[in-house]
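Coordinates as given in work.pdb (PDB, C-alpha atoms and all ligand atoms):
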```pdb
ATOM      1  CA  MET G  15    -179.710 114.354-226.134  1.00  0.00           C
ATOM      2  CA  THR G  16    -177.798 113.336-223.052  1.00  0.00           C
ATOM      3  CA  GLU G  17    -174.001 113.407-223.041  1.00  0.00           C
ATOM      4  CA  ALA G  18    -173.985 109.590-223.039  1.00  0.00           C
ATOM      5  CA  GLU G  19    -176.112 109.588-226.211  1.00  0.00           C
ATOM      6  CA  VAL G  20    -173.823 112.156-227.838  1.00  0.00           C
ATOM      7  CA  ILE G  21    -170.765 110.032-227.021  1.00  0.00           C
ATOM      8  CA  ASP G  22    -172.526 106.976-228.452  1.00  0.00           C
ATOM      9  CA  VAL G  23    -173.563 108.676-231.704  1.00  0.00           C
ATOM     10  CA  MET G  24    -170.119 110.242-232.129  1.00  0.00           C
ATOM     11  CA  ARG G  25    -168.272 106.985-231.516  1.00  0.00           C
ATOM     12  CA  ARG G  26    -170.409 105.160-234.050  1.00  0.00           C
ATOM     13  CA  TYR G  27    -169.904 107.953-236.578  1.00  0.00           C
ATOM     14  CA  LEU G  28    -166.135 108.120-235.994  1.00  0.00           C
ATOM     15  CA  GLU G  29    -165.677 104.338-236.215  1.00  0.00           C
ATOM     16  CA  GLY G  30    -167.318 104.544-239.638  1.00  0.00           C
ATOM     17  CA  ARG G  31    -164.433 106.729-240.875  1.00  0.00           C
ATOM     18  CA  PHE G  32    -161.928 103.885-240.491  1.00  0.00           C
ATOM     19  CA  PRO G  33    -159.673 102.449-241.766  1.00  0.00           C
ATOM     20  CA  LYS G  34    -157.918 105.777-242.241  1.00  0.00           C
ATOM     21  CA  LYS G  35    -154.633 106.230-244.036  1.00  0.00           C
ATOM     22  CA  CYS G  36    -152.029 108.958-243.632  1.00  0.00           C
ATOM     23  CA  GLY G  37    -151.379 110.488-247.039  1.00  0.00           C
ATOM     24  CA  VAL G  38    -147.721 111.175-246.246  1.00  0.00           C
ATOM     25  CA  CYS G  39    -146.314 108.043-244.574  1.00  0.00           C
ATOM     26  CA  ASP G  40    -148.988 105.498-245.614  1.00  0.00           C
ATOM     27  CA  ARG G  41    -149.588 104.381-242.014  1.00  0.00           C
ATOM     28  CA  THR G  42    -153.067 102.897-241.775  1.00  0.00           C
ATOM     29  CA  TYR G  43    -155.206 103.300-238.688  1.00  0.00           C
ATOM     30  CA  ALA G  44    -157.515 100.319-238.358  1.00  0.00           C
ATOM     31  CA  ASN G  45    -160.087 101.854-236.048  1.00  0.00           C
ATOM     32  CA  LEU G  46    -160.688 104.703-233.614  1.00  0.00           C
ATOM     33  CA  LYS G  47    -158.846 103.030-230.749  1.00  0.00           C
ATOM     34  CA  ASP G  48    -155.784 102.409-232.923  1.00  0.00           C
ATOM     35  CA  TYR G  49    -155.921 106.047-234.091  1.00  0.00           C
ATOM     36  CA  LEU G  50    -156.163 107.389-230.543  1.00  0.00           C
ATOM     37  CA  LEU G  51    -153.262 105.214-229.394  1.00  0.00           C
ATOM     38  CA  ARG G  52    -150.938 106.237-232.212  1.00  0.00           C
ATOM     39  CA  THR G  53    -151.707 109.912-232.850  1.00  0.00           C
ATOM     40  CA  THR G  54    -151.551 113.083-230.769  1.00  0.00           C
ATOM     41  CA  HIS G  55    -154.440 115.559-230.645  1.00  0.00           C
ATOM     42  CA  VAL G  56    -153.579 119.064-231.808  1.00  0.00           C
ATOM     43  CA  GLY G  57    -155.408 122.002-230.247  1.00  0.00           C
ATOM     44  CA  LYS G  58    -159.094 121.999-229.474  1.00  0.00           C
ATOM     45  CA  PRO G  59    -161.801 120.759-231.855  1.00  0.00           C
ATOM     46  CA  GLN G  60    -163.501 123.559-233.797  1.00  0.00           C
ATOM     47  CA  SER G  61    -167.016 124.003-235.114  1.00  0.00           C
ATOM     48  CA  TYR G  62    -166.780 126.488-237.959  1.00  0.00           C
ATOM     49  CA  ASP G  63    -170.553 126.813-238.082  1.00  0.00           C
ATOM     50  CA  VAL G  64    -170.817 127.745-234.403  1.00  0.00           C
ATOM     51  CA  GLU G  65    -167.885 130.166-234.791  1.00  0.00           C
ATOM     52  CA  MET G  66    -169.999 131.946-237.393  1.00  0.00           C
ATOM     53  CA  GLY G  67    -173.059 131.834-235.160  1.00  0.00           C
ATOM     54  CA  VAL G  68    -174.874 129.247-237.268  1.00  0.00           C
ATOM     55  CA  PHE G  69    -176.382 126.418-235.239  1.00  0.00           C
ATOM     56  CA  ARG G  70    -178.538 124.796-237.917  1.00  0.00           C
ATOM     57  CA  PRO G  71    -176.402 125.090-241.027  1.00  0.00           C
ATOM     58  CA  ARG G  72    -178.012 123.892-244.262  1.00  0.00           C
ATOM     59  CA  LYS G  73    -174.575 123.609-245.849  1.00  0.00           C
ATOM     60  CA  PRO G  74    -172.323 122.957-242.867  1.00  0.00           C
ATOM     61  CA  PHE G  75    -168.688 123.976-242.874  1.00  0.00           C
ATOM     62  CA  GLY G  76    -168.382 121.296-240.249  1.00  0.00           C
ATOM     63  CA  THR G  77    -166.706 120.458-237.000  1.00  0.00           C
ATOM     64  CA  MET G  78    -163.188 119.103-236.975  1.00  0.00           C
ATOM     65  CA  SER G  79    -160.541 117.689-234.709  1.00  0.00           C
ATOM     66  CA  LEU G  80    -156.871 117.571-235.693  1.00  0.00           C
ATOM     67  CA  ALA G  81    -154.207 115.062-234.719  1.00  0.00           C
ATOM     68  CA  ASN G  82    -150.569 114.514-235.594  1.00  0.00           C
ATOM     69  CA  CYS G  83    -149.532 111.246-237.194  1.00  0.00           C
ATOM     70  CA  ALA G  84    -146.257 109.788-235.931  1.00  0.00           C
ATOM     71  CA  CYS G  85    -144.638 111.134-239.151  1.00  0.00           C
ATOM     72  CA  GLY G  86    -145.656 114.683-238.229  1.00  0.00           C
ATOM     73  CA  ASN G  87    -148.438 115.030-240.803  1.00  0.00           C
ATOM     74  CA  THR G  88    -151.663 116.571-239.534  1.00  0.00           C
ATOM     75  CA  LEU G  89    -154.710 114.315-239.814  1.00  0.00           C
ATOM     76  CA  VAL G  90    -158.287 115.551-239.740  1.00  0.00           C
ATOM     77  CA  MET G  91    -161.419 113.926-238.335  1.00  0.00           C
ATOM     78  CA  ASP G  92    -164.445 115.950-239.324  1.00  0.00           C
ATOM     79  CA  SER G  93    -168.207 115.881-239.652  1.00  0.00           C
ATOM     80  CA  SER G  94    -168.252 115.767-243.458  1.00  0.00           C
ATOM     81  CA  GLY G  95    -170.742 113.213-244.674  1.00  0.00           C
ATOM     82  CA  MET G  96    -172.689 113.208-241.407  1.00  0.00           C
ATOM     83  CA  GLU G  97    -176.457 113.328-241.927  1.00  0.00           C
ATOM     84  CA  LEU G  98    -177.760 116.852-241.465  1.00  0.00           C
ATOM     85  CA  ALA G  99    -180.412 115.731-238.961  1.00  0.00           C
ATOM     86  CA  THR G 100    -177.730 114.041-236.832  1.00  0.00           C
ATOM     87  CA  LEU G 101    -175.423 117.049-237.050  1.00  0.00           C
ATOM     88  CA  TRP G 102    -178.239 119.364-235.975  1.00  0.00           C
ATOM     89  CA  ARG G 103    -179.091 117.159-232.998  1.00  0.00           C
ATOM     90  CA  LEU G 104    -175.441 117.180-231.925  1.00  0.00           C
ATOM     91  CA  MET G 105    -175.210 120.926-232.415  1.00  0.00           C
ATOM     92  CA  GLY G 106    -178.364 121.319-230.350  1.00  0.00           C
ATOM     93  CA  TRP G 107    -176.648 119.490-227.517  1.00  0.00           C
ATOM     94  CA  LEU G 108    -173.523 121.641-227.973  1.00  0.00           C
ATOM     95  CA  THR G 109    -175.535 124.862-227.861  1.00  0.00           C
ATOM     96  CA  GLY G 110    -177.285 123.720-224.688  1.00  0.00           C
ATOM     97  CA  GLU G 111    -173.943 122.932-223.042  1.00  0.00           C
ATOM     98  CA  MET G 112    -172.499 126.298-224.088  1.00  0.00           C
ATOM     99  CA  TRP G 113    -175.445 128.006-222.459  1.00  0.00           C
ATOM    100  CA  ARG G 114    -175.476 125.797-219.348  1.00  0.00           C
ATOM    101  CA  ARG G 115    -171.709 125.897-218.711  1.00  0.00           C
ATOM    102  CA  ARG G 116    -171.095 129.371-220.134  1.00  0.00           C
ATOM    103  CA  GLU G 117    -168.195 128.025-222.125  1.00  0.00           C
ATOM    104  CA  THR G 118    -167.125 128.284-225.741  1.00  0.00           C
ATOM    105  CA  ALA G 119    -167.685 125.486-228.242  1.00  0.00           C
ATOM    106  CA  PRO G 120    -163.983 124.468-228.390  1.00  0.00           C
ATOM    107  CA  VAL G 121    -163.850 123.956-224.606  1.00  0.00           C
ATOM    108  CA  ILE G 122    -166.969 121.787-224.623  1.00  0.00           C
ATOM    109  CA  LEU G 123    -165.840 119.881-227.702  1.00  0.00           C
ATOM    110  CA  GLU G 124    -162.452 119.219-226.085  1.00  0.00           C
ATOM    111  CA  ASP G 125    -164.166 117.790-222.991  1.00  0.00           C
ATOM    112  CA  LEU G 126    -166.418 115.720-225.252  1.00  0.00           C
ATOM    113  CA  ARG G 127    -163.399 114.455-227.211  1.00  0.00           C
ATOM    114  CA  ARG G 128    -161.737 113.441-223.925  1.00  0.00           C
ATOM    115  CA  ALA G 129    -164.878 111.517-222.915  1.00  0.00           C
ATOM    116  CA  ILE G 130    -165.056 109.802-226.329  1.00  0.00           C
ATOM    117  CA  ASP G 131    -161.357 108.887-226.057  1.00  0.00           C
ATOM    118  CA  GLU G 132    -161.816 107.413-222.584  1.00  0.00           C
ATOM    119  CA  ALA G 133    -164.910 105.459-223.582  1.00  0.00           C
ATOM    120  CA  THR G 134    -163.104 104.069-226.639  1.00  0.00           C
ATOM    121  CA  LEU G 135    -159.827 103.241-224.912  1.00  0.00           C
ATOM    122  CA  ASN G 136    -161.588 101.597-221.967  1.00  0.00           C
ATOM    123  CA  ASP G 137    -163.976  99.581-224.112  1.00  0.00           C
ATOM    124  CA  PRO G 138    -162.827  95.949-224.024  1.00  0.00           C
ATOM    125  CA  VAL G 139    -164.918  95.230-227.140  1.00  0.00           C
ATOM    126  CA  ALA G 140    -163.263  97.936-229.269  1.00  0.00           C
ATOM    127  CA  ARG G 141    -160.373  96.384-231.169  1.00  0.00           C
TER     128      ARG G 141
HETATM  129 ZN    ZN G 201    -148.118 109.828-241.322  1.00  0.00          ZN
END
```

Mind turning the file's structure into structure tokens?
Amino acid sequence: MTEAEVIDVMRRYLEGRFPKKCGVCDRTYANLKDYLLRTTHVGKPQSYDVEMGVFRPRKPFGTMSLANCACGNTLVMDSSGMELATLWRLMGWLTGEMWRRRETAPVILEDLRRAIDEATLNDPVAR
């Protein structure tokens, strides 16, 4: 997979998780762009499977990215419900990047998140 393909697959997957509601203040985020505009990322994304050295997990613990709602509650975007074949393809890309760049998964995932954010925020079609 190229990075452009990864961004594409991830954006489509993430958009499918909306609308998303904060369980504390009841704010509803209509779509990914709305979410990115009104929340603040917390830390770097984490892949618990990669942290444990598992790159093709049969029962994935998942990859997640945290953000703070305006009310202060922490919201989670994760890979739960993603098809295993898709997750493995994405993890294959991640592993390749870790090897190529000699960086840890969180660093690469943070760069990927930044690229997804930019693509989403700059997309005139995204609502
Ligand atoms: Zn909230």

Judged by all atoms listed in the file, the minimum distance to ligand ZN 201 (chain G) among G:Arg70, G:Arg41, G:Arg25, G:Lys34 is found for G:Arg41

Could you give me, as JSON lines, a per-residue list for chain G showing, wherever an atom lies at most 8 Å from an atom of ligand ZN 201 (chain G), the closest pair of atoms and their distance in Å to one decimal, using only C-alpha atoms and all ligand atoms and sorting by chain then residue number from low to high?
```
{"residue": "G:Lys35", "atom": "CA", "partner": "G:ZN201", "partner_atom": "ZN", "distance": 7.9}
{"residue": "G:Cys36", "atom": "CA", "partner": "G:ZN201", "partner_atom": "ZN", "distance": 4.6}
{"residue": "G:Gly37", "atom": "CA", "partner": "G:ZN201", "partner_atom": "ZN", "distance": 6.6}
{"residue": "G:Val38", "atom": "CA", "partner": "G:ZN201", "partner_atom": "ZN", "distance": 5.1}
{"residue": "G:Cys39", "atom": "CA", "partner": "G:ZN201", "partner_atom": "ZN", "distance": 4.1}
{"residue": "G:Asp40", "atom": "CA", "partner": "G:ZN201", "partner_atom": "ZN", "distance": 6.2}
{"residue": "G:Arg41", "atom": "CA", "partner": "G:ZN201", "partner_atom": "ZN", "distance": 5.7}
{"residue": "G:Asn82", "atom": "CA", "partner": "G:ZN201", "partner_atom": "ZN", "distance": 7.8}
{"residue": "G:Cys83", "atom": "CA", "partner": "G:ZN201", "partner_atom": "ZN", "distance": 4.6}
{"residue": "G:Ala84", "atom": "CA", "partner": "G:ZN201", "partner_atom": "ZN", "distance": 5.7}
{"residue": "G:Cys85", "atom": "CA", "partner": "G:ZN201", "partner_atom": "ZN", "distance": 4.3}
{"residue": "G:Gly86", "atom": "CA", "partner": "G:ZN201", "partner_atom": "ZN", "distance": 6.3}
{"residue": "G:Asn87", "atom": "CA", "partner": "G:ZN201", "partner_atom": "ZN", "distance": 5.2}
{"residue": "G:Thr88", "atom": "CA", "partner": "G:ZN201", "partner_atom": "ZN", "distance": 7.8}
```

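For the structure in this document, the set picked by the PyMOL selection byres (((chain G and resi 112-125) around 8) and not hetatm) is Lys58, Pro59, Gln60, Ser61, Val64, Leu108, Thr109, Gly110, Glu111, Leu126, Arg127, Arg128 and Ala129 of chain G.
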
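Taking atom CA of Pro71 of chain G and atom CA of Leu101 of chain G as the two end points, the separation is 9.0 Å.
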
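Closest approach to Glu132 of chain G among G:Leu104, G:Met24, G:Leu50, G:Ala44: G:Leu50, based on all atoms listed in the file.
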
In Å to one decimal, how far is atom CA of Leu28 of chain G from atom CA of Asn136 of chain G? 16.1 Å

Using the chain letters and numbers from the file, which residues does the PyMOL selection byres (((chain G and resi 63) around 10) and not hetatm) grab, as a PyMOL selection string? chain G and resi 60-62+64-71+73-77+105

Selection result for the PyMOL selection byres (((chain G and resi 81) around 7) and not hetatm) on this file, as a list in words: Thr53, Thr54, His55, Val56, Ser79, Leu80, Asn82, Cys83, Thr88, Leu89 and Val90 of chain G

Measuring atom to atom with only C-alpha atoms, identify which of G:Asp22, G:Glu97, G:Pro33, G:Lys47 is nearest to Pro138 of chain G. G:Lys47

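Interatomic distance, atom CA of Leu46 of chain G to atom CA of Ser94 of chain G: 16.6 Å.
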
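Closest to Asp92 of chain G among G:Val23, G:Met78, G:Glu17, G:Asp48 is G:Met78, based on all atoms listed in the file.
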
From (-171.8, 105.6, -244.7), in the file's coordinates, out to 10 Å: which residues are reached, counting all atoms listed in the file? Answer as a VMD selection string. chain G and resid 27 30 to 31 95 to 97

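Restricting the calculation to only C-alpha atoms, the smallest distance between Phe32 of chain G and any of G:Met15, G:Val20, G:Met91, G:Leu98 is found for G:Met91.
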
Complete the atoms of segment 27-55 of chain G to N, CA and C atoms and put them out as a compact mmCIF listing (two decimals), in the coordinates of the input.
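Wrote selection.txt, looks like this:
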```
# COMPACT_ATOMS: atom_id res chain seq x y z
N TYR G 27 -170.25 107.18 -235.38
CA TYR G 27 -169.90 107.95 -236.58
C TYR G 27 -168.39 107.87 -236.86
N LEU G 28 -167.59 108.10 -235.82
CA LEU G 28 -166.14 108.12 -235.99
C LEU G 28 -165.60 106.76 -236.43
N GLU G 29 -166.13 105.69 -235.83
CA GLU G 29 -165.68 104.34 -236.22
C GLU G 29 -165.92 104.09 -237.70
N GLY G 30 -166.99 104.70 -238.23
CA GLY G 30 -167.32 104.54 -239.64
C GLY G 30 -166.32 105.20 -240.58
N ARG G 31 -165.43 106.04 -240.04
CA ARG G 31 -164.43 106.73 -240.88
C ARG G 31 -163.15 105.90 -241.04
N PHE G 32 -163.13 104.73 -240.43
CA PHE G 32 -161.93 103.88 -240.49
C PHE G 32 -162.18 102.70 -241.41
N PRO G 33 -161.08 102.09 -241.95
CA PRO G 33 -159.67 102.45 -241.77
C PRO G 33 -159.33 103.80 -242.39
N LYS G 34 -158.35 104.45 -241.80
CA LYS G 34 -157.92 105.78 -242.24
C LYS G 34 -156.42 105.71 -242.51
N LYS G 35 -156.03 106.32 -243.63
CA LYS G 35 -154.63 106.23 -244.04
C LYS G 35 -153.99 107.61 -244.05
N CYS G 36 -152.77 107.71 -243.56
CA CYS G 36 -152.03 108.96 -243.63
C CYS G 36 -151.51 109.11 -245.06
N GLY G 37 -151.78 110.26 -245.66
CA GLY G 37 -151.38 110.49 -247.04
C GLY G 37 -149.88 110.68 -247.22
N VAL G 38 -149.16 110.92 -246.14
CA VAL G 38 -147.72 111.18 -246.25
C VAL G 38 -146.90 109.90 -246.02
N CYS G 39 -147.16 109.19 -244.91
CA CYS G 39 -146.31 108.04 -244.57
C CYS G 39 -146.99 106.70 -244.86
N ASP G 40 -148.26 106.74 -245.29
CA ASP G 40 -148.99 105.50 -245.61
C ASP G 40 -149.36 104.64 -244.42
N ARG G 41 -149.12 105.13 -243.19
CA ARG G 41 -149.59 104.38 -242.01
C ARG G 41 -151.10 104.26 -242.11
N THR G 42 -151.62 103.09 -241.77
CA THR G 42 -153.07 102.90 -241.78
C THR G 42 -153.56 102.70 -240.35
N TYR G 43 -154.59 103.43 -240.01
CA TYR G 43 -155.21 103.30 -238.69
C TYR G 43 -156.45 102.44 -238.86
N ALA G 44 -156.46 101.31 -238.15
CA ALA G 44 -157.51 100.32 -238.36
C ALA G 44 -158.86 100.77 -237.82
N ASN G 45 -158.84 101.44 -236.70
CA ASN G 45 -160.09 101.85 -236.05
C ASN G 45 -159.79 103.03 -235.11
N LEU G 46 -160.84 103.51 -234.45
CA LEU G 46 -160.69 104.70 -233.61
C LEU G 46 -159.69 104.48 -232.47
N LYS G 47 -159.75 103.31 -231.87
CA LYS G 47 -158.85 103.03 -230.75
C LYS G 47 -157.38 103.08 -231.21
N ASP G 48 -157.12 102.43 -232.33
CA ASP G 48 -155.78 102.41 -232.92
C ASP G 48 -155.31 103.84 -233.20
N TYR G 49 -156.22 104.65 -233.76
CA TYR G 49 -155.92 106.05 -234.09
C TYR G 49 -155.58 106.84 -232.83
N LEU G 50 -156.38 106.65 -231.79
CA LEU G 50 -156.16 107.39 -230.54
C LEU G 50 -154.84 106.99 -229.89
N LEU G 51 -154.49 105.70 -230.01
CA LEU G 51 -153.26 105.21 -229.39
C LEU G 51 -152.02 105.71 -230.12
N ARG G 52 -152.14 105.94 -231.42
CA ARG G 52 -150.94 106.24 -232.21
C ARG G 52 -150.85 107.66 -232.76
N THR G 53 -151.80 108.51 -232.42
CA THR G 53 -151.71 109.91 -232.85
C THR G 53 -151.78 110.82 -231.63
N THR G 54 -151.48 112.09 -231.85
CA THR G 54 -151.55 113.08 -230.77
C THR G 54 -152.50 114.20 -231.18
N HIS G 55 -153.50 114.47 -230.35
CA HIS G 55 -154.44 115.56 -230.64
C HIS G 55 -153.69 116.88 -230.75
```
